[in-house]
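Engineer: Structure: run-v6.cif, mmCIF, C-alpha atoms.
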data_start
loop_
_atom_site.label_atom_id
_atom_site.label_comp_id
_atom_site.auth_asym_id
_atom_site.auth_seq_id
_atom_site.Cartn_x
_atom_site.Cartn_y
_atom_site.Cartn_z
CA MET A 6 -45.40 -7.75 11.63
CA PRO A 7 -42.02 -8.09 9.95
CA SER A 8 -39.54 -5.32 10.65
CA MET A 9 -36.03 -4.22 9.80
CA SER A 10 -33.06 -2.80 11.66
CA LEU A 11 -30.04 -1.14 10.20
CA ARG A 12 -26.60 0.07 11.00
CA ILE A 13 -24.51 2.57 9.13
CA TYR A 14 -20.76 2.50 8.98
CA LEU A 15 -19.11 5.85 8.59
CA ASP A 16 -15.61 6.23 7.25
CA PRO A 17 -12.95 5.81 8.65
CA GLU A 18 -14.42 4.19 11.72
CA GLY A 19 -17.63 3.76 13.49
CA ARG A 20 -20.86 1.94 13.50
CA ILE A 21 -24.07 3.81 14.24
CA GLY A 22 -27.07 1.63 15.03
CA PRO A 23 -30.45 1.77 16.75
CA GLY A 24 -28.92 1.47 20.24
CA LYS A 25 -26.82 4.64 20.05
CA ILE A 26 -29.65 6.54 18.37
CA ALA A 27 -32.23 5.53 21.00
CA LEU A 28 -29.76 6.55 23.72
CA LEU A 29 -29.28 9.98 22.15
CA GLU A 30 -33.03 10.41 21.86
CA LYS A 31 -33.42 9.62 25.55
CA ILE A 32 -30.63 12.04 26.47
CA GLY A 33 -32.54 14.72 24.56
CA GLU A 34 -35.74 13.71 26.33
CA PHE A 35 -34.39 13.50 29.89
CA GLY A 36 -31.52 16.00 29.71
CA SER A 37 -29.36 13.47 31.50
CA ILE A 38 -27.05 10.68 30.40
CA ALA A 39 -27.69 8.77 33.63
CA ALA A 40 -31.48 8.92 33.23
CA ALA A 41 -31.21 8.00 29.53
CA GLY A 42 -29.03 5.01 30.40
CA ARG A 43 -31.43 3.90 33.14
CA ALA A 44 -34.36 4.10 30.74
CA MET A 45 -32.45 1.73 28.46
CA GLY A 46 -31.37 -0.61 31.22
CA MET A 47 -27.69 0.33 31.02
CA SER A 48 -25.23 1.71 33.52
CA TYR A 49 -24.15 5.34 33.44
CA ARG A 50 -20.70 4.11 32.52
CA ARG A 51 -21.99 2.16 29.51
CA ALA A 52 -24.21 5.04 28.39
CA TRP A 53 -21.31 7.46 28.60
CA GLU A 54 -19.03 5.07 26.69
CA LEU A 55 -21.57 4.93 23.85
CA VAL A 56 -21.79 8.72 23.78
CA GLU A 57 -18.00 9.02 23.75
CA GLU A 58 -17.74 6.44 20.98
CA THR A 59 -20.22 8.44 18.90
CA ASN A 60 -18.35 11.68 19.63
CA ARG A 61 -15.18 9.94 18.43
CA ILE A 62 -16.80 8.74 15.21
CA PHE A 63 -17.70 12.33 14.30
CA GLY A 64 -14.57 13.93 15.74
CA LYS A 65 -16.85 16.30 17.64
CA PRO A 66 -19.50 15.91 20.30
CA VAL A 67 -23.06 14.73 19.74
CA ALA A 68 -23.88 15.35 23.40
CA ILE A 69 -22.37 17.69 25.95
CA ARG A 70 -22.30 17.21 29.68
CA GLN A 71 -23.27 20.28 31.61
CA ALA A 72 -21.34 20.27 34.85
CA GLY A 73 -22.50 22.91 37.31
CA GLY A 74 -25.16 25.53 36.81
CA ARG A 75 -28.86 25.11 37.25
CA HIS A 76 -28.80 21.82 35.39
CA GLY A 77 -25.64 20.51 37.00
CA GLY A 78 -24.99 16.94 35.98
CA GLY A 79 -27.26 17.22 32.98
CA ALA A 80 -26.51 16.74 29.32
CA VAL A 81 -27.80 18.13 26.06
CA LEU A 82 -27.57 17.04 22.46
CA THR A 83 -25.53 19.29 20.21
CA PRO A 84 -26.90 20.40 16.83
CA LEU A 85 -24.81 17.55 15.39
CA GLY A 86 -26.47 15.09 17.79
CA LEU A 87 -29.90 16.32 16.74
CA THR A 88 -28.94 16.04 13.08
CA LEU A 89 -27.63 12.51 13.60
CA VAL A 90 -30.84 11.35 15.25
CA ALA A 91 -33.03 12.96 12.59
CA ARG A 92 -30.95 11.60 9.69
CA PHE A 93 -30.82 8.09 11.16
CA ARG A 94 -34.60 7.97 11.65
CA ALA A 95 -35.03 9.29 8.10
CA ILE A 96 -32.68 6.59 6.80
CA GLU A 97 -34.73 3.94 8.61
CA ALA A 98 -37.99 5.26 7.22
CA ALA A 99 -36.66 5.53 3.67
CA ALA A 100 -35.09 2.07 3.81
CA ALA A 101 -38.23 0.45 5.24
CA GLU A 102 -40.37 2.06 2.56
CA ALA A 103 -37.98 0.98 -0.20
CA ALA A 104 -37.80 -2.58 1.15
CA ARG A 105 -41.47 -2.98 2.04
CA GLU A 106 -42.50 -5.08 -0.95
CA HIS A 107 -39.59 -7.52 -0.65
CA VAL A 108 -40.00 -7.92 3.10
CA ALA A 109 -43.72 -8.59 2.64
CA ALA A 110 -42.90 -11.24 0.03
CA LEU A 111 -40.51 -12.96 2.45
CA GLN A 112 -43.11 -12.82 5.22
CA GLN A 113 -45.56 -14.51 2.82
CA GLU A 114 -43.05 -17.33 2.38
CA VAL A 115 -43.09 -17.84 6.14
CA ASP A 116 -46.87 -17.81 6.27
CA LYS A 117 -47.31 -20.19 3.34
CA PRO A 118 -47.65 -23.84 4.36
CA ASP A 119 -44.79 -26.10 3.33
CA PRO A 120 -46.01 -27.84 0.13
CA VAL A 121 -44.17 -31.01 1.10
CA GLY A 122 -45.60 -31.13 4.61
CA PRO A 123 -44.16 -30.34 8.01
CA PRO A 124 -40.37 -30.30 8.36
CA SER A 125 -38.84 -33.70 8.87
CA SER A 126 -35.27 -34.88 8.81
CA ALA A 127 -36.10 -36.52 5.47
CA HIS A 128 -35.83 -33.29 3.50
CA LEU A 129 -33.31 -31.59 5.70
CA MET B 29 -16.85 4.97 1.84
CA PRO B 30 -19.80 4.85 4.24
CA SER B 31 -21.92 1.73 4.08
CA MET B 32 -24.98 0.16 5.65
CA SER B 33 -25.97 -3.25 6.92
CA LEU B 34 -29.43 -4.48 7.68
CA ARG B 35 -31.36 -7.26 9.32
CA ILE B 36 -34.93 -8.22 8.79
CA TYR B 37 -37.13 -9.74 11.46
CA LEU B 38 -39.82 -12.04 10.19
CA ASP B 39 -42.88 -12.85 12.22
CA PRO B 40 -43.22 -14.78 14.55
CA GLU B 41 -39.52 -15.43 15.00
CA GLY B 42 -36.30 -15.02 13.25
CA ARG B 43 -33.68 -12.59 12.31
CA ILE B 44 -32.17 -12.72 8.83
CA GLY B 45 -28.97 -10.75 8.36
CA PRO B 46 -25.93 -10.55 6.12
CA GLY B 47 -24.24 -13.54 7.80
CA LYS B 48 -26.94 -16.08 7.01
CA ILE B 49 -27.34 -14.68 3.50
CA ALA B 50 -23.62 -14.85 2.73
CA LEU B 51 -23.55 -18.42 4.03
CA LEU B 52 -26.44 -19.42 1.76
CA GLU B 53 -24.70 -17.80 -1.20
CA LYS B 54 -21.57 -19.79 -0.48
CA ILE B 55 -23.58 -23.02 -0.13
CA GLY B 56 -25.00 -22.30 -3.58
CA GLU B 57 -21.52 -21.56 -4.89
CA PHE B 58 -19.70 -24.57 -3.39
CA GLY B 59 -22.56 -27.09 -3.17
CA SER B 60 -21.41 -27.90 0.32
CA ILE B 61 -22.25 -26.62 3.79
CA ALA B 62 -18.79 -27.56 5.08
CA ALA B 63 -16.99 -25.69 2.29
CA ALA B 64 -19.30 -22.69 2.68
CA GLY B 65 -18.63 -22.62 6.41
CA ARG B 66 -14.87 -22.87 5.83
CA ALA B 67 -14.98 -19.98 3.37
CA MET B 68 -16.60 -17.91 6.12
CA GLY B 69 -14.26 -19.07 8.88
CA MET B 70 -16.88 -21.06 10.75
CA SER B 71 -17.15 -24.69 11.77
CA TYR B 72 -19.40 -27.11 9.93
CA ARG B 73 -21.48 -27.32 13.09
CA ARG B 74 -21.99 -23.56 13.23
CA ALA B 75 -22.77 -23.34 9.52
CA TRP B 76 -25.32 -26.13 9.83
CA GLU B 77 -26.89 -24.47 12.89
CA LEU B 78 -27.38 -21.26 10.91
CA VAL B 79 -28.98 -23.20 8.06
CA GLU B 80 -31.28 -25.03 10.48
CA GLU B 81 -32.21 -21.75 12.17
CA THR B 82 -33.13 -20.29 8.79
CA ASN B 83 -35.14 -23.41 7.87
CA ARG B 84 -36.99 -23.03 11.16
CA ILE B 85 -37.78 -19.35 10.52
CA PHE B 86 -39.48 -20.28 7.24
CA GLY B 87 -40.96 -23.56 8.46
CA LYS B 88 -39.40 -25.18 5.41
CA PRO B 89 -35.89 -25.69 4.14
CA VAL B 90 -33.75 -23.05 2.44
CA ALA B 91 -30.99 -25.62 1.85
CA ILE B 92 -31.12 -29.40 1.53
CA ARG B 93 -28.34 -31.81 2.35
CA GLN B 94 -27.79 -34.40 -0.28
CA ALA B 95 -26.58 -37.53 1.44
CA GLY B 96 -25.37 -40.22 -0.94
CA GLY B 97 -25.31 -40.12 -4.72
CA ARG B 98 -22.65 -38.56 -6.89
CA HIS B 99 -22.56 -35.47 -4.72
CA GLY B 100 -22.75 -37.29 -1.39
CA GLY B 101 -22.31 -34.88 1.46
CA GLY B 102 -23.23 -31.94 -0.69
CA ALA B 103 -26.00 -29.41 -0.26
CA VAL B 104 -28.15 -27.32 -2.52
CA LEU B 105 -30.31 -24.27 -2.02
CA THR B 106 -34.02 -24.83 -2.44
CA PRO B 107 -36.10 -22.44 -4.58
CA LEU B 108 -37.03 -20.77 -1.28
CA GLY B 109 -33.32 -20.40 -0.42
CA LEU B 110 -32.65 -18.81 -3.80
CA THR B 111 -35.63 -16.49 -3.36
CA LEU B 112 -34.46 -15.49 0.11
CA VAL B 113 -30.97 -14.59 -1.12
CA ALA B 114 -32.30 -12.63 -4.09
CA ARG B 115 -34.91 -10.75 -2.01
CA PHE B 116 -32.40 -9.91 0.72
CA ARG B 117 -29.88 -8.53 -1.77
CA ALA B 118 -32.69 -6.55 -3.42
CA ILE B 119 -33.72 -5.17 -0.01
CA GLU B 120 -30.14 -4.10 0.64
CA ALA B 121 -29.85 -2.39 -2.73
CA ALA B 122 -33.20 -0.61 -2.40
CA ALA B 123 -32.45 0.50 1.15
CA ALA B 124 -28.97 1.77 0.28
CA GLU B 125 -30.35 3.72 -2.66
CA ALA B 126 -33.13 5.22 -0.55
CA ALA B 127 -30.73 6.15 2.25
CA ARG B 128 -27.86 7.37 0.08
CA GLU B 129 -28.43 11.08 0.49
CA HIS B 130 -28.79 10.93 4.29
CA VAL B 131 -25.76 8.67 4.72
CA ALA B 132 -23.68 11.02 2.55
CA ALA B 133 -24.81 13.97 4.69
CA LEU B 134 -23.71 12.15 7.86
CA GLN B 135 -20.38 11.27 6.26
CA GLN B 136 -19.92 14.98 5.48
CA GLU B 137 -20.40 15.74 9.18
CA VAL B 138 -17.53 13.37 9.95
CA ASP B 139 -15.32 14.94 7.31
CA LYS B 140 -16.07 18.52 8.37
CA PRO B 141 -13.59 19.95 10.86
CA ASP B 142 -14.91 20.68 14.33
CA PRO B 143 -15.69 24.43 14.35
CA VAL B 144 -14.68 24.67 17.99
CA GLY B 145 -11.36 22.88 17.48
CA PRO B 146 -10.15 19.42 18.36
CA PRO B 147 -12.08 17.48 21.01
CA SER B 148 -11.08 18.32 24.54
CA SER B 149 -12.59 17.45 27.88
CA ALA B 150 -13.73 21.07 28.09
CA HIS B 151 -16.72 20.55 25.83
CA LEU B 152 -17.33 16.91 26.62
#
Do you think you could lay out the structure here as structure tokens?
Structural biologist:
Amino acid sequence: MPSMSLRIYLDPEGRIGPGKIALLEKIGEFGSIAAAGRAMGMSYRRAWELVEETNRIFGKPVAIRQAGGRHGGGAVLTPLGLTLVARFRAIEAAAAEAAREHVAALQQEVDKPDPVGPPSSAHL
Amino acid sequence: MPSMSLRIYLDPEGRIGPGKIALLEKIGEFGSIAAAGRAMGMSYRRAWELVEETNRIFGKPVAIRQAGGRHGGGAVLTPLGLTLVARFRAIEAAAAEAAREHVAALQQEVDKPDPVGPPSSAHL
């Protein structure tokens, strides 16, 4: 099945793509940046860098570390983090729906046999 | 201004993104893979690799080198190449239109001051 991936670029700086969004979703799921990073095969350091980068893009946090307390070492998404995840997934769904017909047409081009036969250096 | 970029993944293999599409557009414009590559700051070798990769994805050529003749060393897009460029740009436009409202809402989050003041380690 053909698919699509997208990135958004917010002004003045900052790219938000599927990697950061999946990480935030896992932080929400596990309540821990370390566990979220592990689930995505990345170090705690890398996971935290991505969270910090996203915090910087918005000028306010998308996830908050909770040092101490019952959930010491844990992390939660802020309302902004939840909004970001929901909006990004909505953007993906809307974009995929809008693009569906064109993507299907391109996939058909792949599936169609080459009218002039298999690729050879002759027509490359 | 916020913006978006997207890649499509055709089955069974092959990512098509803005880089390959811009290269094809420049090949159409200049009639030359070398000139198109130069315009994008890439070597002839790299430009040709990207064309070959795209040919492979479709199992047939998106651009054809024209060795010899009046335009010796030149290249032209095939009808498939032209279709690919047009479909990709249409996908981008449709996706951007469909996502516009959500992207604007995220940009507003960036532009809104942090209600709890400037970022500090206290709430990170």
Engineer: Please find the residues of chain A near chain B - the criterion being any atom within 9 Å, counting only C-alpha atoms - and write them as a ChimeraX atom specification.
Structural biologist: /A:6-17,57,60-66,68-71,85,88-89,92-93,95-108,110-112,114-124,128-129
Engineer: Atom CA of Pro107 of chain B to atom CA of Ser71 of chain B: how many Å, to one decimal?
Structural biologist: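 Calculated distance between atom CA of Pro107 of chain B and atom CA of Ser71 of chain B is 25.1 Å.
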Engineer: Can you give chain A as a short mmCIF file (atom, residue, chain, number, x, y, z; two decimals) with C-alpha atoms, keeping the file's coordinate frame after you superpose it on chain B, pairing all C-alpha atoms in order for the least-squares fit?
Structural biologist:
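Result went into selection_7.cif, see below:
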data_model
loop_
_atom_site.label_atom_id
_atom_site.label_comp_id
_atom_site.auth_asym_id
_atom_site.auth_seq_id
_atom_site.Cartn_x
_atom_site.Cartn_y
_atom_site.Cartn_z
CA MET A 6 -16.85 4.95 1.87
CA PRO A 7 -19.78 4.83 4.27
CA SER A 8 -21.92 1.71 4.11
CA MET A 9 -24.98 0.15 5.68
CA SER A 10 -25.99 -3.27 6.95
CA LEU A 11 -29.44 -4.49 7.71
CA ARG A 12 -31.36 -7.24 9.34
CA ILE A 13 -34.95 -8.23 8.80
CA TYR A 14 -37.14 -9.74 11.44
CA LEU A 15 -39.82 -12.05 10.17
CA ASP A 16 -42.90 -12.86 12.18
CA PRO A 17 -43.25 -14.79 14.49
CA GLU A 18 -39.56 -15.42 14.98
CA GLY A 19 -36.32 -15.01 13.25
CA ARG A 20 -33.69 -12.58 12.30
CA ILE A 21 -32.18 -12.72 8.83
CA GLY A 22 -28.97 -10.75 8.38
CA PRO A 23 -25.92 -10.54 6.13
CA GLY A 24 -24.22 -13.52 7.81
CA LYS A 25 -26.94 -16.06 7.01
CA ILE A 26 -27.34 -14.67 3.49
CA ALA A 27 -23.61 -14.83 2.72
CA LEU A 28 -23.55 -18.41 4.04
CA LEU A 29 -26.43 -19.40 1.76
CA GLU A 30 -24.70 -17.78 -1.19
CA LYS A 31 -21.56 -19.78 -0.47
CA ILE A 32 -23.56 -23.00 -0.14
CA GLY A 33 -24.99 -22.28 -3.59
CA GLU A 34 -21.50 -21.56 -4.89
CA PHE A 35 -19.69 -24.55 -3.39
CA GLY A 36 -22.54 -27.08 -3.18
CA SER A 37 -21.40 -27.90 0.32
CA ILE A 38 -22.24 -26.61 3.78
CA ALA A 39 -18.79 -27.56 5.06
CA ALA A 40 -16.99 -25.68 2.27
CA ALA A 41 -19.32 -22.67 2.68
CA GLY A 42 -18.63 -22.61 6.42
CA ARG A 43 -14.87 -22.87 5.85
CA ALA A 44 -14.98 -19.98 3.39
CA MET A 45 -16.61 -17.91 6.14
CA GLY A 46 -14.26 -19.05 8.87
CA MET A 47 -16.90 -21.06 10.74
CA SER A 48 -17.15 -24.67 11.76
CA TYR A 49 -19.41 -27.10 9.93
CA ARG A 50 -21.47 -27.30 13.10
CA ARG A 51 -21.98 -23.52 13.23
CA ALA A 52 -22.77 -23.34 9.51
CA TRP A 53 -25.33 -26.10 9.84
CA GLU A 54 -26.90 -24.45 12.90
CA LEU A 55 -27.38 -21.24 10.90
CA VAL A 56 -28.97 -23.18 8.05
CA GLU A 57 -31.27 -25.00 10.47
CA GLU A 58 -32.22 -21.74 12.16
CA THR A 59 -33.14 -20.27 8.77
CA ASN A 60 -35.12 -23.40 7.86
CA ARG A 61 -36.98 -23.00 11.16
CA ILE A 62 -37.78 -19.34 10.50
CA PHE A 63 -39.49 -20.28 7.23
CA GLY A 64 -40.96 -23.57 8.44
CA LYS A 65 -39.39 -25.21 5.40
CA PRO A 66 -35.86 -25.70 4.14
CA VAL A 67 -33.72 -23.08 2.43
CA ALA A 68 -30.97 -25.64 1.85
CA ILE A 69 -31.08 -29.40 1.54
CA ARG A 70 -28.31 -31.81 2.37
CA GLN A 71 -27.76 -34.43 -0.26
CA ALA A 72 -26.59 -37.57 1.47
CA GLY A 73 -25.38 -40.25 -0.92
CA GLY A 74 -25.38 -40.17 -4.68
CA ARG A 75 -22.79 -38.61 -6.91
CA HIS A 76 -22.68 -35.51 -4.75
CA GLY A 77 -22.76 -37.32 -1.44
CA GLY A 78 -22.27 -34.92 1.43
CA GLY A 79 -23.20 -31.95 -0.70
CA ALA A 80 -25.97 -29.43 -0.27
CA VAL A 81 -28.13 -27.32 -2.53
CA LEU A 82 -30.29 -24.27 -2.02
CA THR A 83 -34.00 -24.83 -2.46
CA PRO A 84 -36.07 -22.44 -4.60
CA LEU A 85 -37.00 -20.78 -1.29
CA GLY A 86 -33.31 -20.38 -0.42
CA LEU A 87 -32.64 -18.80 -3.80
CA THR A 88 -35.62 -16.49 -3.36
CA LEU A 89 -34.44 -15.49 0.11
CA VAL A 90 -30.96 -14.59 -1.11
CA ALA A 91 -32.29 -12.63 -4.08
CA ARG A 92 -34.89 -10.75 -2.01
CA PHE A 93 -32.39 -9.91 0.74
CA ARG A 94 -29.86 -8.52 -1.75
CA ALA A 95 -32.68 -6.55 -3.40
CA ILE A 96 -33.72 -5.18 0.00
CA GLU A 97 -30.14 -4.09 0.66
CA ALA A 98 -29.84 -2.39 -2.71
CA ALA A 99 -33.19 -0.62 -2.39
CA ALA A 100 -32.46 0.50 1.17
CA ALA A 101 -28.97 1.77 0.30
CA GLU A 102 -30.34 3.72 -2.64
CA ALA A 103 -33.14 5.21 -0.54
CA ALA A 104 -30.73 6.14 2.27
CA ARG A 105 -27.86 7.36 0.11
CA GLU A 106 -28.44 11.09 0.53
CA HIS A 107 -28.80 10.93 4.32
CA VAL A 108 -25.78 8.68 4.75
CA ALA A 109 -23.70 11.02 2.59
CA ALA A 110 -24.82 13.97 4.73
CA LEU A 111 -23.73 12.15 7.89
CA GLN A 112 -20.39 11.26 6.31
CA GLN A 113 -19.93 14.98 5.52
CA GLU A 114 -20.42 15.73 9.22
CA VAL A 115 -17.55 13.37 9.99
CA ASP A 116 -15.33 14.94 7.35
CA LYS A 117 -16.08 18.52 8.39
CA PRO A 118 -13.57 19.96 10.86
CA ASP A 119 -14.91 20.67 14.33
CA PRO A 120 -15.69 24.43 14.34
CA VAL A 121 -14.66 24.68 17.98
CA GLY A 122 -11.35 22.89 17.48
CA PRO A 123 -10.14 19.42 18.32
CA PRO A 124 -12.06 17.47 20.97
CA SER A 125 -11.07 18.31 24.51
CA SER A 126 -12.61 17.42 27.82
CA ALA A 127 -13.75 21.05 28.01
CA HIS A 128 -16.70 20.54 25.68
CA LEU A 129 -17.34 16.93 26.49
#
Engineer: Just how far from atom CA of Pro23 of chain A is atom CA of Leu110 of chain B, in Å to one decimal?
Structural biologist: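 Distance between the two atoms: 29.2 Å.
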Engineer: If you measure from atom CA of Ala50 of chain B to atom CA of Gly24 of chain A, what distance in Å do you get, rounded to one decimal?
Structural biologist: 24.5 Å
Engineer: Would you place a box with edges along x, y and z of the file around all atoms of segment 41-55 of chain A listed there, add 8 Å to each of its six sides, and report the centre and edge lengths in Å to one decimal, as JSON?
Structural biologist:
{"center_x": -26.7, "center_y": 3.7, "center_z": 28.7, "size_x": 31.3, "size_y": 24.6, "size_z": 25.7}
Engineer: List every protein, DNA or RNA residue with an atom no more than 7 Å from (-28.8, 16.6, 28.9) in the file's coordinates, counting all atoms listed in the file, and format the result as a PDB file with C-alpha atoms, keeping the file's coordinate frame.
Structural biologist:
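File part-v3.pdb, as written:
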ATOM      1  CA  ILE A  32     -30.630  12.040  26.470  1.00  0.00           C
ATOM      2  CA  GLY A  33     -32.540  14.720  24.560  1.00  0.00           C
ATOM      3  CA  PHE A  35     -34.390  13.500  29.890  1.00  0.00           C
ATOM      4  CA  GLY A  36     -31.520  16.000  29.710  1.00  0.00           C
ATOM      5  CA  SER A  37     -29.360  13.470  31.500  1.00  0.00           C
ATOM      6  CA  ILE A  38     -27.050  10.680  30.400  1.00  0.00           C
ATOM      7  CA  ARG A  70     -22.300  17.210  29.680  1.00  0.00           C
ATOM      8  CA  GLY A  79     -27.260  17.220  32.980  1.00  0.00           C
ATOM      9  CA  ALA A  80     -26.510  16.740  29.320  1.00  0.00           C
ATOM     10  CA  VAL A  81     -27.800  18.130  26.060  1.00  0.00           C
ATOM     11  CA  LEU A  82     -27.570  17.040  22.460  1.00  0.00           C
TER      12      LEU A  82
END
Engineer: Would you write out, as a list in words, every residue that the PyMOL selection byres ((chain B and resi 74) around 12) captures in this file?
Structural biologist: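 On this input, the PyMOL selection byres ((chain B and resi 74) around 12) captures Gly47, Lys48, Leu51, Ile61, Ala62, Ala64, Gly65, Arg66, Met68, Gly69, Met70, Ser71, Tyr72, Arg73, Ala75, Trp76, Glu77, Leu78, Val79, Glu80 and Glu81 of chain B.
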